[in-house]
file protein03.cif (mmCIF, C-alpha atoms)
data_query
#
loop_
_atom_site.label_atom_id
_atom_site.label_comp_id
_atom_site.auth_asym_id
_atom_site.auth_seq_id
_atom_site.Cartn_x
_atom_site.Cartn_y
_atom_site.Cartn_z
CA MET A 1 0.00 0.00 0.00
CA SER A 2 1.31 3.45 -0.86
CA LEU A 3 1.36 6.37 1.55
CA SER A 4 -1.30 8.10 -0.59
CA SER A 5 -3.61 5.09 -0.17
CA TYR A 6 -2.86 5.02 3.54
CA ILE A 7 -3.79 8.69 3.99
CA LEU A 8 -7.02 8.16 2.04
CA ARG A 9 -7.84 5.20 4.27
CA ARG A 10 -6.91 7.17 7.38
CA PHE A 11 -9.40 9.87 6.41
CA LEU A 12 -12.01 7.37 5.19
CA ARG A 13 -14.78 9.10 7.10
CA ASN A 14 -13.74 12.43 5.64
CA PRO A 15 -12.21 11.88 2.18
CA SER A 16 -12.43 15.59 1.39
CA GLU A 17 -9.91 16.19 4.19
CA ALA A 18 -7.49 13.72 2.60
CA LEU A 19 -7.84 15.45 -0.75
CA ARG A 20 -7.32 18.84 0.88
CA MET A 21 -4.09 17.64 2.52
CA LYS A 22 -2.89 16.34 -0.83
CA ARG A 23 -3.76 19.68 -2.45
CA ALA A 24 -1.91 21.59 0.27
CA ALA A 25 1.22 19.46 -0.27
CA ASP A 26 1.04 20.06 -4.04
CA GLU A 27 0.62 23.81 -3.51
CA VAL A 28 3.67 23.92 -1.23
CA ARG A 29 5.74 22.02 -3.80
CA GLU A 30 4.59 24.27 -6.66
CA TYR A 31 5.25 27.43 -4.66
CA ILE A 32 8.78 26.31 -3.75
CA VAL A 33 9.55 25.65 -7.42
CA TRP A 34 8.12 29.02 -8.49
CA LYS A 35 9.97 30.90 -5.75
CA LEU A 36 13.21 29.09 -6.58
CA HIS A 37 12.94 30.11 -10.23
CA THR A 38 12.09 33.70 -9.23
CA VAL A 39 15.16 34.03 -6.99
CA LEU A 40 17.51 32.44 -9.52
CA GLU A 41 16.25 34.71 -12.30
CA ARG A 42 16.36 37.85 -10.18
CA GLU A 43 19.95 37.20 -9.09
CA ASN A 44 21.09 36.12 -12.57
CA LEU A 45 22.13 32.72 -11.23
CA PHE A 46 20.92 30.71 -14.21
CA SER A 47 24.07 31.79 -16.05
CA HIS A 48 26.22 30.15 -13.35
CA LEU A 49 24.24 26.91 -13.48
CA ALA A 50 24.26 26.87 -17.30
CA THR A 51 27.98 27.51 -17.72
CA GLN A 52 29.63 25.96 -14.65
CA PRO A 53 29.46 22.33 -13.51
CA TRP A 54 27.26 22.04 -10.42
CA TRP A 55 30.17 20.57 -8.46
CA SER A 56 32.30 23.69 -9.09
CA LEU A 57 29.96 26.05 -7.21
CA ALA A 58 30.74 26.95 -3.59
CA ASP A 59 27.90 24.84 -2.20
CA LYS A 60 27.81 21.93 -4.63
CA GLN A 61 25.16 20.04 -2.63
CA LEU A 62 22.86 23.04 -2.93
CA ALA A 63 23.58 23.41 -6.64
CA LYS A 64 22.64 19.76 -7.20
CA ILE A 65 19.41 20.10 -5.20
CA VAL A 66 18.44 23.24 -7.14
CA GLY A 67 19.03 21.55 -10.48
CA ASP A 68 17.30 18.34 -9.49
CA VAL A 69 14.21 20.19 -8.23
CA LEU A 70 13.83 22.08 -11.51
CA ALA A 71 14.59 18.96 -13.57
CA GLU A 72 12.11 16.77 -11.69
CA GLU A 73 9.39 19.36 -12.21
CA GLY A 74 10.14 19.47 -15.95
CA PHE A 75 11.41 23.07 -16.09
CA ALA A 76 15.06 22.18 -16.74
CA LYS A 77 17.29 19.29 -17.75
CA TRP A 78 20.81 18.26 -16.92
CA GLN A 79 23.17 18.41 -19.87
CA GLY A 80 26.18 16.68 -18.42
CA ASP A 81 26.96 18.65 -15.26
CA VAL A 82 25.32 21.92 -16.31
CA LEU A 83 21.66 22.90 -16.17
CA VAL A 84 19.63 23.95 -19.20
CA MET A 85 16.27 25.64 -18.66
CA LYS A 86 13.31 24.35 -20.69
CA ASP A 87 10.33 26.24 -19.34
CA PHE A 88 9.24 28.67 -16.64
CA PRO A 89 6.90 27.89 -13.75
CA LYS A 90 3.83 30.03 -13.16
CA LYS A 91 3.03 31.38 -9.72
CA PRO A 92 0.57 28.90 -8.20
CA THR A 93 -2.75 29.86 -6.68
CA ILE A 94 -2.74 29.04 -2.98
CA THR A 95 -6.16 27.80 -1.85
CA THR A 96 -5.40 25.95 1.41
CA ALA A 97 -4.68 27.51 4.78
CA GLU A 98 -1.87 25.01 5.37
CA ALA A 99 0.00 26.05 2.22
CA ALA A 100 -0.62 29.74 2.90
CA ASP A 101 0.95 29.28 6.33
CA MET A 102 4.12 27.95 4.70
CA VAL A 103 4.53 30.75 2.12
CA PRO A 104 6.34 33.26 4.41
CA LEU A 105 8.76 30.52 5.52
CA ILE A 106 9.54 29.56 1.92
CA ASP A 107 9.99 33.19 0.91
CA ARG A 108 12.42 33.90 3.76
CA ALA A 109 14.42 30.67 3.46
CA LEU A 110 15.00 31.00 -0.28
CA GLU A 111 16.34 34.52 0.15
CA PHE A 112 19.42 32.84 1.66
CA LEU A 113 19.98 30.85 -1.54
CA PRO A 114 22.12 33.26 -3.63
CA ILE A 115 24.77 33.78 -0.95
CA ALA A 116 24.78 30.09 -0.02
CA LEU A 117 25.13 28.98 -3.63
CA LEU A 118 27.98 31.35 -4.50
CA THR A 119 29.88 31.52 -1.19
CA GLY A 120 28.80 28.45 0.77
CA ALA A 121 27.68 30.65 3.68
CA LYS A 122 24.44 29.77 5.45
CA PRO A 123 22.47 31.95 7.87
CA SER A 124 23.53 32.08 11.50
CA GLU A 125 21.72 29.98 14.10
CA GLU A 126 20.03 33.13 15.35
CA GLU A 127 18.77 34.03 11.87
CA ALA A 128 17.60 30.49 11.12
CA ARG A 129 16.06 29.49 14.47
CA ALA A 130 12.47 30.59 13.82
CA LEU A 131 12.51 29.21 10.27
CA LYS A 132 13.94 25.90 11.47
CA ALA A 133 11.18 25.62 14.07
CA LYS A 134 8.53 26.08 11.37
CA ILE A 135 10.18 23.53 9.09
CA LEU A 136 10.24 20.98 11.91
CA ASP A 137 6.67 21.61 13.07
CA ASN A 138 3.98 22.22 10.46
CA PHE A 139 0.84 20.49 9.18
CA ALA A 140 2.73 18.07 6.91
CA VAL A 141 5.31 17.08 9.51
CA ARG A 142 2.66 16.51 12.19
CA LEU A 143 0.67 14.32 9.80
CA GLU A 144 3.84 12.37 8.98
CA PHE A 145 4.58 11.81 12.66
CA GLU A 146 1.04 10.75 13.53
CA SER A 147 0.93 8.38 10.57
CA ALA A 148 4.35 6.87 11.35
CA ILE A 149 3.27 6.17 14.92
CA GLU A 150 0.19 4.34 13.66
CA VAL A 151 2.03 2.45 10.91
CA ALA A 152 4.70 1.28 13.39
CA GLU A 153 1.97 0.41 15.94
CA LEU A 154 3.56 2.47 18.67
CA ASP A 155 0.04 3.46 19.69
CA LYS A 156 -0.49 -0.18 20.76
CA LEU A 157 2.34 -0.13 23.31
CA GLY A 158 1.32 -0.16 26.98
CA ARG A 159 1.89 2.36 29.75
CA GLU A 160 5.07 0.64 30.92
CA ALA A 161 6.68 0.69 27.50
CA VAL A 162 9.43 3.20 26.76
CA ILE A 163 9.91 4.98 23.44
CA ALA A 164 13.17 6.85 22.74
CA ASP A 165 12.60 10.01 20.70
CA VAL A 166 15.94 10.56 18.99
CA PHE A 167 16.98 14.10 18.06
CA PRO A 168 13.57 15.82 18.29
CA ARG A 169 15.23 19.30 18.23
CA ILE A 170 12.18 21.45 18.99
CA GLY A 171 9.98 18.71 20.48
CA ALA A 172 7.25 18.34 17.84
CA SER A 173 7.83 14.58 17.66
CA THR A 174 7.97 14.32 21.46
CA LEU A 175 4.62 16.01 21.85
CA THR A 176 3.09 13.88 19.08
CA LEU A 177 4.31 10.68 20.79
CA LEU A 178 2.78 11.82 24.08
CA GLU A 179 -0.52 12.65 22.37
CA GLN A 180 -0.75 9.49 20.25
CA THR A 181 0.57 6.85 22.69
CA VAL A 182 0.34 6.02 26.41
CA ALA A 183 3.99 4.97 26.66
CA LYS A 184 6.77 6.74 28.51
CA VAL A 185 9.15 8.80 26.36
CA VAL A 186 12.87 9.35 26.78
CA VAL A 187 14.15 12.33 24.81
CA ILE A 188 17.67 11.85 23.42
CA GLU A 189 19.32 15.09 22.30
CA PRO A 190 22.92 16.05 21.51
CA HIS A 191 22.30 19.77 22.12
CA ALA A 192 21.63 21.23 25.59
CA GLN A 193 19.72 24.22 24.18
CA ASN A 194 17.31 21.93 22.33
CA LEU A 195 16.81 19.90 25.48
CA GLU A 196 15.83 22.98 27.47
CA THR A 197 13.38 24.01 24.75
CA ILE A 198 11.73 20.58 24.85
CA LYS A 199 11.57 20.57 28.67
CA SER A 200 9.74 23.91 28.56
CA LEU A 201 7.31 22.57 25.95
CA ILE A 202 6.54 19.44 27.97
CA LYS A 203 6.08 21.47 31.15
CA LEU A 204 3.67 23.78 29.33
CA HIS A 205 1.54 20.75 28.44
CA GLN A 206 1.88 19.30 31.99
CA LEU A 207 3.25 15.97 30.77
CA GLU A 208 6.48 15.90 32.78
CA GLU A 209 5.70 12.62 34.58
CA ARG A 210 5.93 10.63 31.32
CA VAL A 211 9.17 12.11 30.02
CA SER A 212 12.85 11.73 30.87
CA TYR A 213 15.82 13.35 29.17
CA VAL A 214 19.27 12.26 28.03
CA LEU A 215 21.97 14.60 26.72
CA ASN A 216 24.16 12.38 24.57
CA PRO A 217 26.13 12.32 21.31
CA LEU A 218 23.87 10.47 18.88
CA GLU A 219 26.70 8.28 17.64
CA ARG A 220 27.28 6.96 21.20
CA ILE A 221 23.91 6.80 22.93
CA SER A 222 24.06 5.35 26.42
CA LEU A 223 20.96 4.38 28.44
CA ASP A 224 20.53 2.54 31.75
CA LYS A 225 18.02 0.12 30.19
CA PRO A 226 17.12 -0.81 26.61
CA VAL A 227 13.89 0.65 25.23
CA ASP A 228 10.90 -0.91 23.49
CA ALA A 229 10.91 1.43 20.52
CA VAL A 230 12.74 4.34 18.91
CA PHE A 231 11.15 7.17 16.94
CA MET A 232 13.02 9.19 14.31
CA GLY A 233 11.03 12.04 12.80
CA GLU A 234 12.68 13.84 9.87
CA THR A 235 16.16 13.34 11.26
CA ILE A 236 18.36 11.45 8.76
CA HIS A 237 19.40 14.50 6.71
CA TRP A 238 20.09 16.53 9.89
CA LEU A 239 22.53 13.97 11.34
CA SER A 240 26.32 14.31 11.29
CA ASN A 241 26.73 10.57 10.76
CA PRO A 242 23.51 8.65 9.96
CA ARG A 243 25.24 5.25 9.85
CA LEU A 244 26.82 5.56 13.29
CA THR A 245 23.61 7.01 14.72
CA LEU A 246 21.50 4.09 13.46
CA ALA A 247 24.03 1.60 14.82
CA SER A 248 23.88 3.41 18.16
CA ILE A 249 20.07 3.30 18.09
CA ARG A 250 20.10 -0.45 17.47
CA SER A 251 22.26 -0.91 20.58
CA ILE A 252 19.64 0.69 22.86
CA LEU A 253 16.68 -1.36 21.57
CA LYS A 254 15.41 -4.51 23.22
CA PRO A 255 15.58 -7.66 21.06
CA GLY A 256 12.77 -7.35 18.55
CA GLY A 257 12.43 -3.65 19.38
CA ILE A 258 10.74 -1.30 16.94
CA LEU A 259 12.29 1.54 14.97
CA ALA A 260 9.64 3.94 13.61
CA ILE A 261 10.72 6.45 10.96
CA ALA A 262 8.97 9.36 9.28
CA GLN A 263 11.38 10.60 6.63
CA SER A 264 11.21 12.78 3.54
CA LEU A 265 13.00 11.39 0.50
CA TYR A 266 14.89 12.84 -2.45
CA SER A 267 11.86 12.87 -4.75
CA SER A 268 8.56 14.68 -5.36
CA VAL A 269 7.42 16.90 -2.46
CA GLY A 270 10.30 15.59 -0.33
CA LEU A 271 12.87 16.86 -2.84
CA ALA A 272 11.29 20.31 -3.19
CA ALA A 273 10.74 20.66 0.56
CA SER A 274 14.37 19.73 1.22
CA LEU A 275 15.47 23.05 -0.28
CA PRO A 276 14.31 25.41 2.53
CA GLY A 277 15.38 22.80 5.09
CA TYR A 278 18.89 22.61 3.68
CA LEU A 279 19.18 26.39 3.58
CA VAL A 280 18.39 26.78 7.29
CA GLY A 281 20.35 23.93 8.80
CA ALA A 282 19.97 20.43 7.37
CA LEU A 283 23.41 18.98 6.75
CA ARG A 284 22.55 17.23 3.49
CA PRO A 285 19.59 16.52 1.21
CA PRO A 286 17.25 13.76 2.37
CA PRO A 287 18.14 10.20 1.32
CA THR A 288 16.70 8.42 -1.66
CA SER A 289 14.48 5.44 -0.97
CA ASP A 290 17.36 3.06 -1.78
CA GLU A 291 19.78 5.00 0.43
CA LEU A 292 17.42 4.83 3.41
CA ARG A 293 16.91 1.09 2.94
CA ASP A 294 20.68 0.63 2.71
CA LEU A 295 21.23 2.61 5.93
CA LEU A 296 18.71 0.46 7.81
CA ARG A 297 20.12 -2.79 6.42
CA GLY A 298 23.66 -1.75 7.28
CA ALA A 299 22.67 -1.01 10.88
CA GLY A 300 21.10 -4.45 11.30
CA PHE A 301 17.42 -3.61 10.92
CA LYS A 302 14.77 -5.60 9.07
CA VAL A 303 11.96 -3.56 7.48
CA ASP A 304 8.49 -4.77 8.47
CA LYS A 305 6.44 -2.03 6.82
CA TRP A 306 7.32 0.59 4.22
CA LEU A 307 4.77 3.11 2.95
CA GLU A 308 6.09 5.59 0.41
CA SER A 309 4.51 8.30 -1.73
CA MET A 310 4.85 12.02 -2.51
CA GLY A 311 8.50 11.94 -1.40
CA VAL A 312 7.84 10.64 2.12
CA ALA A 313 8.49 7.23 3.69
CA LEU A 314 6.82 5.83 6.81
CA VAL A 315 8.83 2.88 8.06
CA ARG A 316 8.54 0.22 10.75
CA ALA A 317 11.77 -1.75 11.20
CA VAL A 318 12.82 -4.27 13.84
CA THR A 319 16.19 -5.47 15.08
CA ALA A 320 17.23 -8.31 12.77
#
call {"tool": "encode", "arguments": {"input": "protein03.cif", "output": "structure tokens"}}
result
Amino acid sequence: MSLSSYILRRFLRNPSEALRMKRAADEVREYIVWKLHTVLERENLFSHLATQPWWSLADKQLAKIVGDVLAEEGFAKWQGDVLVMKDFPKKPTITTAEAADMVPLIDRALEFLPIALLTGAKPSEEEARALKAKILDNFAVRLEFESAIEVAELDKLGREAVIADVFPRIGASTLTLLEQTVAKVVVIEPHAQNLETIKSLIKLHQLEERVSYVLNPLERISLDKPVDAVFMGETIHWLSNPRLTLASIRSILKPGGILAIAQSLYSSVGLAASLPGYLVGALRPPPTSDELRDLLRGAGFKVDKWLESMGVALVRAVTA
């Protein structure tokens, strides 16, 4: 079953809501592509992409993402290592509140693109903080997290079960786990500032009794006891070393423990949406479907369920 089919089934009693969510995702993707073209044209950056190999630009990862987004949408094509424009996107009409809410974020994030592309410089943490928070907590991300919890059957775990929420950053995944399950949650974060932000969020919702916190490098997670499940929500492309992190995660799971993943991929909406994320802090583009499967296999996980569509994968894996 594809993710699209799953979402339609999930909203079976209200199919119009499922179609609206799909429309919102399409509008976000179309707006990103239009805004990208607008910024590139305004700054005369098409000449760089058309005459210089993508790998020669200061931020070659960004240059490749930019070209791949335009090529996937049919507005450009790769001719060797340079980009040739074929057509020009029209500004989309935004009809959904969810897409309209994302427009200011997209506008602001893509204004960082010219400097990043030509110099490799990204905005400071202070400049990017509010944008990063919006990228990590919006209608699409919340739907991903809720769906991944259901697909992985974390909502069936009992009150004594423990779920490790790995690298939640601003706590959107932590709060979703607490809302959608009855299990205890241990937050594992490598950054003290993020941990304090999450503690404040949990206190605000008066859920402190179900949450514990661990400040740990993600490549060397250490817990007193193994956990029943691990949740990773939009984390792979923000990790310094995904392979070591997944190996570390496997070491803290009980035998047969569950790894639940909600992860955008390098295709469709996931590819387009990776652009603002990369500009405000993601360390790399999201993985392809094959790359994500390879990462899980290499860390010793066996995939039980895999739903994929619109550039997003919902995954349930168990320790092999």
call {"tool": "residues_around", "arguments": {"input": "protein03.cif", "residues": "Val230 of chain A", "least_positions_apart": "6", "cutoff": "9 Å", "atoms": "only C-alpha atoms", "output": "list in words"}}
result
Val162, Ile163, Ala164, Asp165, Val166, Ile249, Arg250, Ile252, Leu253, Gly257, Ile258, Leu259, Ala260 and Ile261 of chain A
call {"tool": "resolve_selection", "arguments": {"input": "protein03.cif", "expression": "the PyMOL selection byres ((chain A and resi 24) around 10)", "output": "PyMOL selection string"}}
result
chain A and resi 18-23+25-30+94-100+102+139-140
call {"tool": "resolve_selection", "arguments": {"input": "protein03.cif", "expression": "the PyMOL selection byres ((chain A and resi 120) around 6)", "output": "list in words"}}
result
Ala58, Asp59, Ala116, Leu117, Thr119 and Ala121 of chain A
call {"tool": "residues_around", "arguments": {"input": "protein03.cif", "residues": "Val315 of chain A", "least_positions_apart": "3", "cutoff": "9 Å", "atoms": "all atoms listed in the file", "output": "ChimeraX atom specification"}}
result
/A:148,151-152,259-263,303-308
call {"tool": "residues_around", "arguments": {"input": "protein03.cif", "residues": "segment 208-217 of chain A", "least_positions_apart": "2", "cutoff": "6 Å", "atoms": "all atoms listed in the file", "output": "ChimeraX atom specification"}}
result
/A:184-190,202-203,206,219-221
call {"tool": "closest_atom_pairs", "arguments": {"input": "protein03.cif", "of": "segment 3-120 of chain A", "to": "segment 276-281 of chain A", "cutoff": "10 Å", "atoms": "all atoms listed in the file", "output": "JSON lines"}}
result
{"residue": "A:Ile32", "atom": "CA", "partner": "A:Pro276", "partner_atom": "CA", "distance": 8.4}
{"residue": "A:Leu36", "atom": "CA", "partner": "A:Pro276", "partner_atom": "CA", "distance": 9.9}
{"residue": "A:Gln61", "atom": "CA", "partner": "A:Tyr278", "partner_atom": "CA", "distance": 9.3}
{"residue": "A:Leu62", "atom": "CA", "partner": "A:Tyr278", "partner_atom": "CA", "distance": 7.7}
{"residue": "A:Ile65", "atom": "CA", "partner": "A:Tyr278", "partner_atom": "CA", "distance": 9.2}
{"residue": "A:Leu105", "atom": "CA", "partner": "A:Pro276", "partner_atom": "CA", "distance": 8.1}
{"residue": "A:Ile106", "atom": "CA", "partner": "A:Pro276", "partner_atom": "CA", "distance": 6.4}
{"residue": "A:Asp107", "atom": "CA", "partner": "A:Pro276", "partner_atom": "CA", "distance": 9.0}
{"residue": "A:Arg108", "atom": "CA", "partner": "A:Pro276", "partner_atom": "CA", "distance": 8.8}
{"residue": "A:Ala109", "atom": "CA", "partner": "A:Pro276", "partner_atom": "CA", "distance": 5.3}
{"residue": "A:Leu110", "atom": "CA", "partner": "A:Pro276", "partner_atom": "CA", "distance": 6.3}
{"residue": "A:Glu111", "atom": "CA", "partner": "A:Leu279", "partner_atom": "CA", "distance": 9.3}
{"residue": "A:Phe112", "atom": "CA", "partner": "A:Leu279", "partner_atom": "CA", "distance": 6.7}
{"residue": "A:Leu113", "atom": "CA", "partner": "A:Leu279", "partner_atom": "CA", "distance": 6.8}
{"residue": "A:Ala116", "atom": "CA", "partner": "A:Leu279", "partner_atom": "CA", "distance": 7.6}
{"residue": "A:Leu117", "atom": "CA", "partner": "A:Leu279", "partner_atom": "CA", "distance": 9.7}
call {"tool": "closest_residue", "arguments": {"input": "protein03.cif", "among": "A:Thr245, A:Glu41, A:Leu195, A:Asp101", "to": "Asn138 of chain A", "atoms": "only C-alpha atoms"}}
result
A:Asp101
call {"tool": "atom_distance", "arguments": {"input": "protein03.cif", "atom1": "atom CA of Pro104 of chain A", "atom2": "atom CA of Lys132 of chain A"}}
result
12.7 Å
call {"tool": "resolve_selection", "arguments": {"input": "protein03.cif", "expression": "the PyMOL selection byres ((chain A and resi 141) around 10)", "output": "list in words"}}
result
Lys134, Ile135, Leu136, Asp137, Asn138, Phe139, Ala140, Arg142, Leu143, Glu144, Phe145, Glu146, Ser147, Ala172, Ser173, Gly233, Glu234, Ala262, Gln263 and Ser264 of chain A
call {"tool": "residues_around", "arguments": {"input": "protein03.cif", "residues": "Trp238 of chain A", "least_positions_apart": "2", "cutoff": "7 Å", "atoms": "only C-alpha atoms", "output": "list in words"}}
result
Thr235, Ile236, Ser240, Ala282, Leu283 and Arg284 of chain A
call {"tool": "residues_around", "arguments": {"input": "protein03.cif", "residues": "Asp155 of chain A", "least_positions_apart": "4", "cutoff": "7 Å", "atoms": "only C-alpha atoms", "output": "list in words"}}
result
Ile149, Glu150, Gln180 and Thr181 of chain A
call {"tool": "axis_aligned_box", "arguments": {"input": "protein03.cif", "around": "segment 175-191 of chain A", "padding_each_side": "6 Å", "output": "AutoDock Vina command-line options"}}
result
--center_x 11.1 --center_y 12.4 --center_z 23.8 --size_x 35.7 --size_y 26.8 --size_z 21.4
call {"tool": "closest_residue", "arguments": {"input": "protein03.cif", "among": "A:Gly270, A:Pro286, A:Pro53, A:Pro255", "to": "Phe301 of chain A", "atoms": "all atoms listed in the file"}}
result
A:Pro255
call {"tool": "decode", "arguments": {"input": "protein03.cif", "residues": "segment 267-283 of chain A", "atoms": "C-alpha atoms", "output": "PDB file, in the first residue's frame"}}
result
ATOM      1  CA  SER A 267      11.858  12.870  -4.748  1.00  0.00           C
ATOM      2  CA  SER A 268       8.563  14.678  -5.358  1.00  0.00           C
ATOM      3  CA  VAL A 269       7.422  16.897  -2.461  1.00  0.00           C
ATOM      4  CA  GLY A 270      10.300  15.593  -0.334  1.00  0.00           C
ATOM      5  CA  LEU A 271      12.867  16.864  -2.840  1.00  0.00           C
ATOM      6  CA  ALA A 272      11.291  20.312  -3.189  1.00  0.00           C
ATOM      7  CA  ALA A 273      10.745  20.662   0.563  1.00  0.00           C
ATOM      8  CA  SER A 274      14.374  19.726   1.219  1.00  0.00           C
ATOM      9  CA  LEU A 275      15.471  23.052  -0.277  1.00  0.00           C
ATOM     10  CA  PRO A 276      14.315  25.406   2.532  1.00  0.00           C
ATOM     11  CA  GLY A 277      15.383  22.800   5.090  1.00  0.00           C
ATOM     12  CA  TYR A 278      18.892  22.607   3.677  1.00  0.00           C
ATOM     13  CA  LEU A 279      19.183  26.391   3.576  1.00  0.00           C
ATOM     14  CA  VAL A 280      18.387  26.782   7.286  1.00  0.00           C
ATOM     15  CA  GLY A 281      20.349  23.934   8.798  1.00  0.00           C
ATOM     16  CA  ALA A 282      19.971  20.431   7.370  1.00  0.00           C
ATOM     17  CA  LEU A 283      23.414  18.977   6.747  1.00  0.00           C
TER      18      LEU A 283
END
